[in-house]
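Quick look at work.cif (mmCIF, N, CA and C atoms):
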data_target
loop_
_atom_site.label_atom_id
_atom_site.label_comp_id
_atom_site.auth_asym_id
_atom_site.auth_seq_id
_atom_site.Cartn_x
_atom_site.Cartn_y
_atom_site.Cartn_z
N GLN A 449 188.08 158.95 65.77
CA GLN A 449 187.37 160.10 66.29
C GLN A 449 186.06 160.29 65.53
N VAL A 450 184.97 160.31 66.27
CA VAL A 450 183.66 160.50 65.65
C VAL A 450 183.47 161.97 65.32
N GLN A 451 183.01 162.22 64.12
CA GLN A 451 182.68 163.59 63.71
C GLN A 451 181.20 163.65 63.35
N LEU A 452 180.56 164.72 63.75
CA LEU A 452 179.14 164.91 63.50
C LEU A 452 178.92 166.23 62.78
N VAL A 453 178.11 166.19 61.75
CA VAL A 453 177.83 167.40 60.98
C VAL A 453 176.32 167.55 60.81
N GLU A 454 175.80 168.65 61.35
CA GLU A 454 174.37 168.92 61.24
C GLU A 454 174.08 169.69 59.96
N SER A 455 172.87 169.51 59.47
CA SER A 455 172.41 170.27 58.31
C SER A 455 170.89 170.39 58.38
N GLY A 456 170.35 171.27 57.55
CA GLY A 456 168.91 171.39 57.46
C GLY A 456 168.30 172.58 58.18
N GLY A 457 169.14 173.33 58.88
CA GLY A 457 168.61 174.50 59.57
C GLY A 457 168.20 175.58 58.60
N GLY A 458 167.51 176.58 59.12
CA GLY A 458 167.10 177.67 58.26
C GLY A 458 166.10 178.57 58.95
N TRP A 459 165.49 179.40 58.14
CA TRP A 459 164.50 180.35 58.64
C TRP A 459 163.12 179.90 58.19
N VAL A 460 162.18 179.79 59.14
CA VAL A 460 160.82 179.37 58.83
C VAL A 460 159.85 180.23 59.61
N GLN A 461 158.59 180.10 59.26
CA GLN A 461 157.55 180.82 59.99
C GLN A 461 156.89 179.90 61.01
N ALA A 462 156.30 180.50 62.01
CA ALA A 462 155.62 179.73 63.05
C ALA A 462 154.59 178.80 62.41
N GLY A 463 154.56 177.56 62.88
CA GLY A 463 153.65 176.57 62.34
C GLY A 463 154.26 175.69 61.27
N ASP A 464 155.40 176.12 60.73
CA ASP A 464 156.08 175.34 59.69
C ASP A 464 156.81 174.15 60.28
N SER A 465 157.31 173.32 59.37
CA SER A 465 158.10 172.15 59.75
C SER A 465 159.50 172.25 59.18
N LEU A 466 160.41 171.54 59.81
CA LEU A 466 161.80 171.52 59.37
C LEU A 466 162.39 170.19 59.80
N ARG A 467 163.26 169.64 58.98
CA ARG A 467 163.94 168.41 59.37
C ARG A 467 165.45 168.63 59.38
N LEU A 468 166.04 168.39 60.50
CA LEU A 468 167.49 168.47 60.63
C LEU A 468 168.09 167.09 60.46
N SER A 469 169.30 167.06 59.94
CA SER A 469 170.05 165.83 59.78
C SER A 469 171.37 165.94 60.50
N CYS A 470 171.86 164.82 60.96
CA CYS A 470 173.17 164.76 61.60
C CYS A 470 173.92 163.58 61.02
N ALA A 471 174.93 163.87 60.22
CA ALA A 471 175.72 162.83 59.57
C ALA A 471 176.95 162.53 60.41
N ALA A 472 177.16 161.25 60.68
CA ALA A 472 178.29 160.84 61.51
C ALA A 472 179.34 160.13 60.68
N SER A 473 180.59 160.30 61.06
CA SER A 473 181.69 159.58 60.45
C SER A 473 182.68 159.21 61.54
N GLY A 474 183.49 158.18 61.28
CA GLY A 474 184.51 157.79 62.23
C GLY A 474 184.04 156.89 63.35
N ARG A 475 182.81 156.37 63.26
CA ARG A 475 182.33 155.48 64.31
C ARG A 475 183.08 154.16 64.28
N ARG A 476 183.24 153.57 65.43
CA ARG A 476 183.82 152.24 65.53
C ARG A 476 182.74 151.21 65.25
N SER A 477 183.11 150.19 64.53
CA SER A 477 182.12 149.16 64.17
C SER A 477 181.77 148.28 65.36
N ASP A 478 182.58 148.30 66.43
CA ASP A 478 182.32 147.44 67.59
C ASP A 478 181.70 148.21 68.74
N SER A 479 181.18 149.40 68.46
CA SER A 479 180.53 150.21 69.50
C SER A 479 179.12 150.60 69.09
N TYR A 480 178.31 150.82 70.12
CA TYR A 480 176.99 151.39 69.90
C TYR A 480 177.07 152.88 70.22
N TYR A 481 176.20 153.65 69.58
CA TYR A 481 176.19 155.09 69.82
C TYR A 481 174.75 155.57 70.01
N ALA A 482 174.46 155.96 71.22
CA ALA A 482 173.20 156.68 71.44
C ALA A 482 173.39 158.10 70.92
N GLU A 483 172.35 158.70 70.42
CA GLU A 483 172.50 160.07 69.92
C GLU A 483 171.39 160.95 70.45
N GLY A 484 171.71 162.22 70.50
CA GLY A 484 170.74 163.17 71.02
C GLY A 484 170.81 164.48 70.28
N TRP A 485 169.76 165.26 70.46
CA TRP A 485 169.71 166.62 69.93
C TRP A 485 169.59 167.59 71.10
N PHE A 486 170.31 168.69 70.96
CA PHE A 486 170.30 169.74 71.96
C PHE A 486 170.13 171.07 71.26
N ARG A 487 169.83 172.10 72.01
CA ARG A 487 169.71 173.41 71.41
C ARG A 487 170.14 174.48 72.40
N ARG A 488 170.57 175.59 71.85
CA ARG A 488 170.92 176.74 72.69
C ARG A 488 170.31 177.98 72.07
N ALA A 489 169.35 178.53 72.78
CA ALA A 489 168.69 179.75 72.34
C ALA A 489 169.53 180.96 72.72
N PRO A 490 169.35 182.08 72.05
CA PRO A 490 170.13 183.29 72.38
C PRO A 490 170.00 183.66 73.85
N GLY A 491 171.13 183.81 74.50
CA GLY A 491 171.14 184.23 75.89
C GLY A 491 170.75 183.17 76.89
N LYS A 492 170.62 181.92 76.44
CA LYS A 492 170.20 180.85 77.34
C LYS A 492 171.22 179.72 77.36
N GLU A 493 171.06 178.88 78.36
CA GLU A 493 171.92 177.71 78.47
C GLU A 493 171.50 176.67 77.43
N ARG A 494 172.43 175.79 77.12
CA ARG A 494 172.09 174.68 76.24
C ARG A 494 171.10 173.77 76.94
N GLU A 495 170.12 173.28 76.19
CA GLU A 495 169.14 172.37 76.77
C GLU A 495 168.95 171.16 75.85
N SER A 496 168.51 170.09 76.47
CA SER A 496 168.25 168.89 75.70
C SER A 496 166.94 169.02 74.93
N VAL A 497 166.92 168.40 73.76
CA VAL A 497 165.67 168.28 73.00
C VAL A 497 165.17 166.84 73.13
N GLY A 498 166.07 165.89 72.94
CA GLY A 498 165.68 164.49 73.08
C GLY A 498 166.82 163.58 72.67
N GLY A 499 166.62 162.29 72.87
CA GLY A 499 167.64 161.31 72.52
C GLY A 499 167.03 160.06 71.92
N ILE A 500 167.88 159.29 71.25
CA ILE A 500 167.44 158.05 70.63
C ILE A 500 168.52 157.00 70.85
N SER A 501 168.09 155.76 71.08
CA SER A 501 169.03 154.69 71.28
C SER A 501 169.65 154.26 69.95
N TRP A 502 170.74 153.51 70.06
CA TRP A 502 171.36 152.97 68.84
C TRP A 502 170.37 152.08 68.09
N SER A 503 169.58 151.33 68.81
CA SER A 503 168.60 150.45 68.20
C SER A 503 167.51 151.21 67.45
N GLY A 504 167.34 152.49 67.81
CA GLY A 504 166.28 153.28 67.18
C GLY A 504 164.90 153.00 67.73
N THR A 505 164.84 152.23 68.83
CA THR A 505 163.54 151.83 69.37
C THR A 505 163.19 152.51 70.68
N ARG A 506 164.14 153.21 71.25
CA ARG A 506 163.87 153.92 72.51
C ARG A 506 164.16 155.40 72.34
N PHE A 507 163.31 156.20 72.93
CA PHE A 507 163.39 157.65 72.77
C PHE A 507 163.14 158.33 74.11
N ASP A 508 163.57 159.56 74.17
CA ASP A 508 163.24 160.40 75.31
C ASP A 508 163.22 161.83 74.81
N TYR A 509 162.20 162.58 75.20
CA TYR A 509 162.06 163.96 74.76
C TYR A 509 161.78 164.85 75.96
N VAL A 510 162.19 166.09 75.85
CA VAL A 510 161.80 167.05 76.89
C VAL A 510 160.35 167.44 76.63
N ASP A 511 159.68 167.85 77.70
CA ASP A 511 158.24 168.11 77.62
C ASP A 511 157.89 169.17 76.59
N SER A 512 158.74 170.15 76.42
CA SER A 512 158.42 171.28 75.55
C SER A 512 158.34 170.90 74.08
N VAL A 513 158.89 169.75 73.71
CA VAL A 513 158.87 169.36 72.29
C VAL A 513 158.12 168.07 72.04
N LYS A 514 157.68 167.42 73.10
CA LYS A 514 156.94 166.17 72.91
C LYS A 514 155.75 166.41 71.98
N VAL A 515 155.47 165.43 71.16
CA VAL A 515 154.39 165.46 70.16
C VAL A 515 154.83 166.24 68.93
N ARG A 516 155.52 167.37 69.09
CA ARG A 516 155.90 168.19 67.94
C ARG A 516 157.18 167.69 67.26
N PHE A 517 158.13 167.19 68.03
CA PHE A 517 159.43 166.78 67.49
C PHE A 517 159.56 165.26 67.50
N THR A 518 160.24 164.74 66.49
CA THR A 518 160.49 163.30 66.41
C THR A 518 161.93 163.05 65.99
N ILE A 519 162.61 162.20 66.73
CA ILE A 519 163.98 161.82 66.39
C ILE A 519 163.94 160.43 65.76
N SER A 520 164.70 160.25 64.72
CA SER A 520 164.83 158.94 64.07
C SER A 520 166.26 158.77 63.61
N ARG A 521 166.58 157.56 63.20
CA ARG A 521 167.94 157.33 62.74
C ARG A 521 167.96 156.26 61.67
N ASP A 522 168.97 156.34 60.82
CA ASP A 522 169.23 155.34 59.79
C ASP A 522 170.70 154.97 59.93
N ASN A 523 170.96 153.88 60.63
CA ASN A 523 172.35 153.51 60.90
C ASN A 523 173.10 153.13 59.62
N ALA A 524 172.39 152.64 58.63
CA ALA A 524 173.05 152.31 57.36
C ALA A 524 173.59 153.56 56.68
N LYS A 525 172.96 154.69 56.95
CA LYS A 525 173.40 155.96 56.38
C LYS A 525 174.18 156.79 57.39
N ASN A 526 174.36 156.24 58.59
CA ASN A 526 175.08 156.98 59.64
C ASN A 526 174.47 158.35 59.88
N THR A 527 173.18 158.41 59.90
CA THR A 527 172.49 159.69 60.01
C THR A 527 171.36 159.62 61.02
N VAL A 528 171.24 160.66 61.79
CA VAL A 528 170.15 160.84 62.74
C VAL A 528 169.37 162.07 62.32
N TYR A 529 168.06 162.02 62.50
CA TYR A 529 167.20 163.10 62.06
C TYR A 529 166.41 163.70 63.22
N LEU A 530 166.07 164.96 63.07
CA LEU A 530 165.17 165.61 64.01
C LEU A 530 164.07 166.28 63.18
N GLN A 531 162.90 165.68 63.20
CA GLN A 531 161.75 166.24 62.50
C GLN A 531 161.03 167.18 63.46
N MET A 532 160.91 168.43 63.06
CA MET A 532 160.29 169.44 63.92
C MET A 532 159.04 169.97 63.24
N ASN A 533 157.91 169.77 63.88
CA ASN A 533 156.64 170.24 63.35
C ASN A 533 156.06 171.32 64.25
N SER A 534 155.12 172.06 63.71
CA SER A 534 154.43 173.11 64.48
C SER A 534 155.44 174.00 65.21
N LEU A 535 156.42 174.46 64.49
CA LEU A 535 157.49 175.25 65.11
C LEU A 535 156.95 176.55 65.69
N LYS A 536 157.57 176.94 66.79
CA LYS A 536 157.20 178.16 67.50
C LYS A 536 158.40 179.09 67.56
N PRO A 537 158.17 180.37 67.71
CA PRO A 537 159.31 181.30 67.83
C PRO A 537 160.27 180.90 68.95
N GLU A 538 159.76 180.33 70.02
CA GLU A 538 160.63 179.92 71.13
C GLU A 538 161.49 178.71 70.80
N ASP A 539 161.28 178.11 69.63
CA ASP A 539 162.16 177.03 69.18
C ASP A 539 163.41 177.58 68.49
N THR A 540 163.47 178.88 68.29
CA THR A 540 164.64 179.49 67.68
C THR A 540 165.88 179.21 68.51
N ALA A 541 166.89 178.63 67.89
CA ALA A 541 168.10 178.24 68.60
C ALA A 541 169.11 177.67 67.62
N VAL A 542 170.31 177.48 68.10
CA VAL A 542 171.28 176.65 67.39
C VAL A 542 171.07 175.22 67.87
N TYR A 543 170.89 174.33 66.94
CA TYR A 543 170.62 172.93 67.26
C TYR A 543 171.88 172.10 67.04
N PHE A 544 172.20 171.28 68.03
CA PHE A 544 173.37 170.44 67.99
C PHE A 544 172.98 168.97 68.09
N CYS A 545 173.69 168.12 67.37
CA CYS A 545 173.54 166.70 67.63
C CYS A 545 174.77 166.24 68.40
N ALA A 546 174.60 165.15 69.11
CA ALA A 546 175.68 164.60 69.92
C ALA A 546 175.58 163.09 69.94
N ALA A 547 176.72 162.44 70.16
CA ALA A 547 176.78 160.98 70.18
C ALA A 547 177.46 160.51 71.46
N ALA A 548 176.93 159.43 72.01
CA ALA A 548 177.49 158.85 73.22
C ALA A 548 177.84 157.40 72.97
N THR A 549 179.08 157.03 73.22
CA THR A 549 179.49 155.64 73.10
C THR A 549 178.80 154.81 74.17
N SER A 550 178.28 153.67 73.78
CA SER A 550 177.54 152.87 74.75
C SER A 550 177.75 151.39 74.47
N ARG A 551 177.64 150.60 75.53
CA ARG A 551 177.68 149.14 75.39
C ARG A 551 176.27 148.58 75.26
N ASP A 552 175.30 149.43 75.44
CA ASP A 552 173.91 149.00 75.43
C ASP A 552 173.21 149.60 74.22
N PRO A 553 172.76 148.77 73.29
CA PRO A 553 172.12 149.32 72.08
C PRO A 553 170.76 149.97 72.33
N TRP A 554 170.24 149.77 73.59
CA TRP A 554 168.94 150.35 73.90
C TRP A 554 169.05 151.57 74.83
N ALA A 555 170.26 151.95 75.13
CA ALA A 555 170.45 153.09 76.03
C ALA A 555 170.09 154.39 75.32
N VAL A 556 169.45 155.28 76.06
CA VAL A 556 169.11 156.61 75.54
C VAL A 556 169.34 157.62 76.65
N ALA A 557 169.78 158.80 76.31
CA ALA A 557 170.09 159.80 77.32
C ALA A 557 169.73 161.19 76.84
N VAL A 558 169.33 162.04 77.77
CA VAL A 558 169.09 163.44 77.46
C VAL A 558 170.05 164.35 78.23
N ASP A 559 170.86 163.74 79.09
CA ASP A 559 171.84 164.51 79.85
C ASP A 559 173.07 164.75 78.99
N GLY A 560 173.36 165.99 78.71
CA GLY A 560 174.49 166.32 77.85
C GLY A 560 175.82 165.82 78.36
N ARG A 561 175.92 165.61 79.66
CA ARG A 561 177.20 165.15 80.24
C ARG A 561 177.52 163.72 79.84
N LYS A 562 176.55 163.02 79.33
CA LYS A 562 176.78 161.63 78.93
C LYS A 562 177.27 161.50 77.50
N TYR A 563 177.35 162.62 76.81
CA TYR A 563 177.71 162.58 75.40
C TYR A 563 179.20 162.89 75.21
N ASP A 564 179.79 162.14 74.27
CA ASP A 564 181.22 162.23 74.03
C ASP A 564 181.58 163.11 72.84
N TYR A 565 180.70 163.18 71.87
CA TYR A 565 181.01 163.87 70.62
C TYR A 565 179.87 164.84 70.28
N TRP A 566 180.27 165.98 69.73
CA TRP A 566 179.31 167.03 69.41
C TRP A 566 179.55 167.60 68.03
N GLY A 567 178.44 167.96 67.37
CA GLY A 567 178.56 168.67 66.12
C GLY A 567 178.70 170.16 66.35
N GLN A 568 178.85 170.90 65.26
CA GLN A 568 179.06 172.35 65.35
C GLN A 568 177.76 173.12 65.46
N GLY A 569 176.67 172.49 65.10
CA GLY A 569 175.37 173.15 65.25
C GLY A 569 174.85 173.73 63.95
N THR A 570 173.53 173.87 63.90
CA THR A 570 172.88 174.49 62.76
C THR A 570 171.78 175.42 63.29
N GLN A 571 171.69 176.60 62.71
CA GLN A 571 170.77 177.61 63.20
C GLN A 571 169.35 177.36 62.69
N VAL A 572 168.41 177.44 63.60
CA VAL A 572 166.99 177.39 63.26
C VAL A 572 166.34 178.67 63.78
N THR A 573 165.72 179.40 62.89
CA THR A 573 165.05 180.65 63.27
C THR A 573 163.58 180.55 62.89
N VAL A 574 162.71 180.78 63.86
CA VAL A 574 161.27 180.70 63.64
C VAL A 574 160.67 182.08 63.88
N SER A 575 160.07 182.64 62.86
CA SER A 575 159.48 183.96 63.00
C SER A 575 157.99 183.84 63.27
N SER A 576 157.46 184.83 63.97
CA SER A 576 156.03 184.80 64.33
C SER A 576 155.18 185.42 63.24
#
Translate this structure into structure tokens?
Amino acid sequence: QVQLVESGGGWVQAGDSLRLSCAASGRRSDSYYAEGWFRRAPGKERESVGGISWSGTRFDYVDSVKVRFTISRDNAKNTVYLQMNSLKPEDTAVYFCAAATSRDPWAVAVDGRKYDYWGQGTQVTVSS
């Protein structure tokens, strides 16, 4: 069973940067795992932020975070990162990482329905 634990959330001011981490454990050595970041703002539905392939060479981001957010991964450390720059108050949300088992090391997804495992989330609050 894959377990995901997010860290790095906190309170920042608009314009600041923050880096979230997602540490994975329990992965199978014979599987690939695409990973993604999602968020849920107060009173809103969960939405995708972006995804990264197992290879780390393919990405997909939602328009609202393109240029400002970057996803990366270090498979040797079983960790995926979300670098968030130029944060805005509307980025305030609980951020979740998720993993999807895949046979394709270049597969990337932003659809939450494609993900098999989810972390508990970490709160990010951006004040104006």
- request: From a DSSP calculation on the backbone, collect every residue of chain A in helix (DSSP H, G or I) and output the set as a ChimeraX atom specification.
  value: /A:523-525,537-539,560-562
Given the file above and the PyMOL selection byres ((chain A and resi 490) around 6), which residues are selected, and can you give them as a PDB file with N, CA and C atoms, in the coordinates of the input?
ATOM      1  N   ARG A 488     170.570 175.590  71.850  1.00  0.00           N
ATOM      2  CA  ARG A 488     170.920 176.740  72.690  1.00  0.00           C
ATOM      3  C   ARG A 488     170.310 177.980  72.070  1.00  0.00           C
ATOM      4  N   ALA A 489     169.350 178.530  72.780  1.00  0.00           N
ATOM      5  CA  ALA A 489     168.690 179.750  72.340  1.00  0.00           C
ATOM      6  C   ALA A 489     169.530 180.960  72.720  1.00  0.00           C
ATOM      7  N   GLY A 491     171.130 183.810  74.500  1.00  0.00           N
ATOM      8  CA  GLY A 491     171.140 184.230  75.890  1.00  0.00           C
ATOM      9  C   GLY A 491     170.750 183.170  76.890  1.00  0.00           C
ATOM     10  N   LYS A 492     170.620 181.920  76.440  1.00  0.00           N
ATOM     11  CA  LYS A 492     170.200 180.850  77.340  1.00  0.00           C
ATOM     12  C   LYS A 492     171.220 179.720  77.360  1.00  0.00           C
ATOM     13  N   THR A 540     163.470 178.880  68.290  1.00  0.00           N
ATOM     14  CA  THR A 540     164.640 179.490  67.680  1.00  0.00           C
ATOM     15  C   THR A 540     165.880 179.210  68.510  1.00  0.00           C
ATOM     16  N   ALA A 541     166.890 178.630  67.890  1.00  0.00           N
ATOM     17  CA  ALA A 541     168.100 178.240  68.600  1.00  0.00           C
ATOM     18  C   ALA A 541     169.110 177.670  67.620  1.00  0.00           C
TER      19      ALA A 541
END
message: For the provided coordinates, the residues matched by the PyMOL selection byres ((chain A and resi 561-570) around 5) should be stated as a ChimeraX atom specification.
response: /A:452,457,542-548,559-560,571-572
Mind running segment 450-473 of chain A against segment 505-524 of chain A at 12 Å and telling me each contacting residue's nearest atom pair with the distance in Å (one decimal), counting only C-alpha atoms, chain and number ascending, as a Markdown table?
| residue | atom | partner | partner_atom | distance |
| --- | --- | --- | --- | --- |
| A:Gly463 | CA | A:Arg516 | CA | 10.3 |
| A:Asp464 | CA | A:Arg516 | CA | 10.9 |
| A:Ser465 | CA | A:Arg516 | CA | 9.4 |
| A:Leu466 | CA | A:Phe517 | CA | 9.7 |
| A:Arg467 | CA | A:Thr518 | CA | 9.4 |
| A:Leu468 | CA | A:Ile519 | CA | 9.5 |
| A:Ser469 | CA | A:Arg521 | CA | 9.2 |
| A:Cys470 | CA | A:Arg521 | CA | 9.2 |
| A:Ala471 | CA | A:Asp522 | CA | 9.9 |
| A:Ala472 | CA | A:Asn523 | CA | 9.5 |
| A:Ser473 | CA | A:Asn523 | CA | 11.1 |
Next, dump the selected residues to file, keeping only N, CA and C atoms, as an mmCIF file, keeping the file's coordinate frame.
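Saved the output as again-v8.cif:
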data_model
loop_
_atom_site.group_PDB
_atom_site.id
_atom_site.type_symbol
_atom_site.label_atom_id
_atom_site.label_comp_id
_atom_site.auth_asym_id
_atom_site.auth_seq_id
_atom_site.Cartn_x
_atom_site.Cartn_y
_atom_site.Cartn_z
ATOM 1 N N GLY A 463 154.560 177.560 62.880
ATOM 2 C CA GLY A 463 153.650 176.570 62.340
ATOM 3 C C GLY A 463 154.260 175.690 61.270
ATOM 4 N N ASP A 464 155.400 176.120 60.730
ATOM 5 C CA ASP A 464 156.080 175.340 59.690
ATOM 6 C C ASP A 464 156.810 174.150 60.280
ATOM 7 N N SER A 465 157.310 173.320 59.370
ATOM 8 C CA SER A 465 158.100 172.150 59.750
ATOM 9 C C SER A 465 159.500 172.250 59.180
ATOM 10 N N LEU A 466 160.410 171.540 59.810
ATOM 11 C CA LEU A 466 161.800 171.520 59.370
ATOM 12 C C LEU A 466 162.390 170.190 59.800
ATOM 13 N N ARG A 467 163.260 169.640 58.980
ATOM 14 C CA ARG A 467 163.940 168.410 59.370
ATOM 15 C C ARG A 467 165.450 168.630 59.380
ATOM 16 N N LEU A 468 166.040 168.390 60.500
ATOM 17 C CA LEU A 468 167.490 168.470 60.630
ATOM 18 C C LEU A 468 168.090 167.090 60.460
ATOM 19 N N SER A 469 169.300 167.060 59.940
ATOM 20 C CA SER A 469 170.050 165.830 59.780
ATOM 21 C C SER A 469 171.370 165.940 60.500
ATOM 22 N N CYS A 470 171.860 164.820 60.960
ATOM 23 C CA CYS A 470 173.170 164.760 61.600
ATOM 24 C C CYS A 470 173.920 163.580 61.020
ATOM 25 N N ALA A 471 174.930 163.870 60.220
ATOM 26 C CA ALA A 471 175.720 162.830 59.570
ATOM 27 C C ALA A 471 176.950 162.530 60.410
ATOM 28 N N ALA A 472 177.160 161.250 60.680
ATOM 29 C CA ALA A 472 178.290 160.840 61.510
ATOM 30 C C ALA A 472 179.340 160.130 60.680
ATOM 31 N N SER A 473 180.590 160.300 61.060
ATOM 32 C CA SER A 473 181.690 159.580 60.450
ATOM 33 C C SER A 473 182.680 159.210 61.540
#
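As for atom C of Ala555 of chain A and atom C of Tyr529 of chain A, they are spaced 15.7 Å apart.
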Where's the centre, and what are the edge lengths in Å to one decimal, of a box along x, y and z enclosing all listed atoms of segment 511-520 of chain A padded 3 Å per side, as lines of an AutoDock Vina configuration file?
center_x = 160.3
center_y = 165.0
center_z = 70.7
size_x = 17.9
size_y = 18.5
size_z = 20.1
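Here atom C of Val453 of chain A stands at a distance of 27.8 Å from atom C of Ser576 of chain A.
Selection result for the displayed file, with the PyMOL selection byres (((chain A and resi 556 and name CA) around 6) and name CA) as criterion, is Ala482, Gly499, Ile500, Ser501, Ala555 and Ala557 of chain A.
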Please, could N, CA, C and O atoms be added to segment 505-518 of chain A and the result written as a compact mmCIF listing (two decimals), in the frame of the given file?
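Now in rebuild.txt:
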# COMPACT_ATOMS: atom_id res chain seq x y z
N THR A 505 164.84 152.23 68.83
CA THR A 505 163.54 151.83 69.37
C THR A 505 163.19 152.51 70.68
O THR A 505 162.07 152.37 71.17
N ARG A 506 164.14 153.21 71.25
CA ARG A 506 163.87 153.92 72.51
C ARG A 506 164.16 155.40 72.34
O ARG A 506 165.14 155.77 71.70
N PHE A 507 163.31 156.20 72.93
CA PHE A 507 163.39 157.65 72.77
C PHE A 507 163.14 158.33 74.11
O PHE A 507 162.54 157.77 75.01
N ASP A 508 163.57 159.56 74.17
CA ASP A 508 163.24 160.40 75.31
C ASP A 508 163.22 161.83 74.81
O ASP A 508 164.12 162.23 74.06
N TYR A 509 162.20 162.58 75.20
CA TYR A 509 162.06 163.96 74.76
C TYR A 509 161.78 164.85 75.96
O TYR A 509 161.15 164.44 76.93
N VAL A 510 162.19 166.09 75.85
CA VAL A 510 161.80 167.05 76.89
C VAL A 510 160.35 167.44 76.63
O VAL A 510 159.86 167.37 75.51
N ASP A 511 159.68 167.85 77.70
CA ASP A 511 158.24 168.11 77.62
C ASP A 511 157.89 169.17 76.59
O ASP A 511 156.86 169.09 75.93
N SER A 512 158.74 170.15 76.42
CA SER A 512 158.42 171.28 75.55
C SER A 512 158.34 170.90 74.08
O SER A 512 157.78 171.65 73.27
N VAL A 513 158.89 169.75 73.71
CA VAL A 513 158.87 169.36 72.29
C VAL A 513 158.12 168.07 72.04
O VAL A 513 157.97 167.66 70.87
N LYS A 514 157.68 167.42 73.10
CA LYS A 514 156.94 166.17 72.91
C LYS A 514 155.75 166.41 71.98
O LYS A 514 155.10 167.43 72.04
N VAL A 515 155.47 165.43 71.16
CA VAL A 515 154.39 165.46 70.16
C VAL A 515 154.83 166.24 68.93
O VAL A 515 154.59 165.81 67.80
N ARG A 516 155.52 167.37 69.09
CA ARG A 516 155.90 168.19 67.94
C ARG A 516 157.18 167.69 67.26
O ARG A 516 157.30 167.81 66.04
N PHE A 517 158.13 167.19 68.03
CA PHE A 517 159.43 166.78 67.49
C PHE A 517 159.56 165.26 67.50
O PHE A 517 159.10 164.60 68.44
N THR A 518 160.24 164.74 66.49
CA THR A 518 160.49 163.30 66.41
C THR A 518 161.93 163.05 65.99
O THR A 518 162.39 163.63 65.00
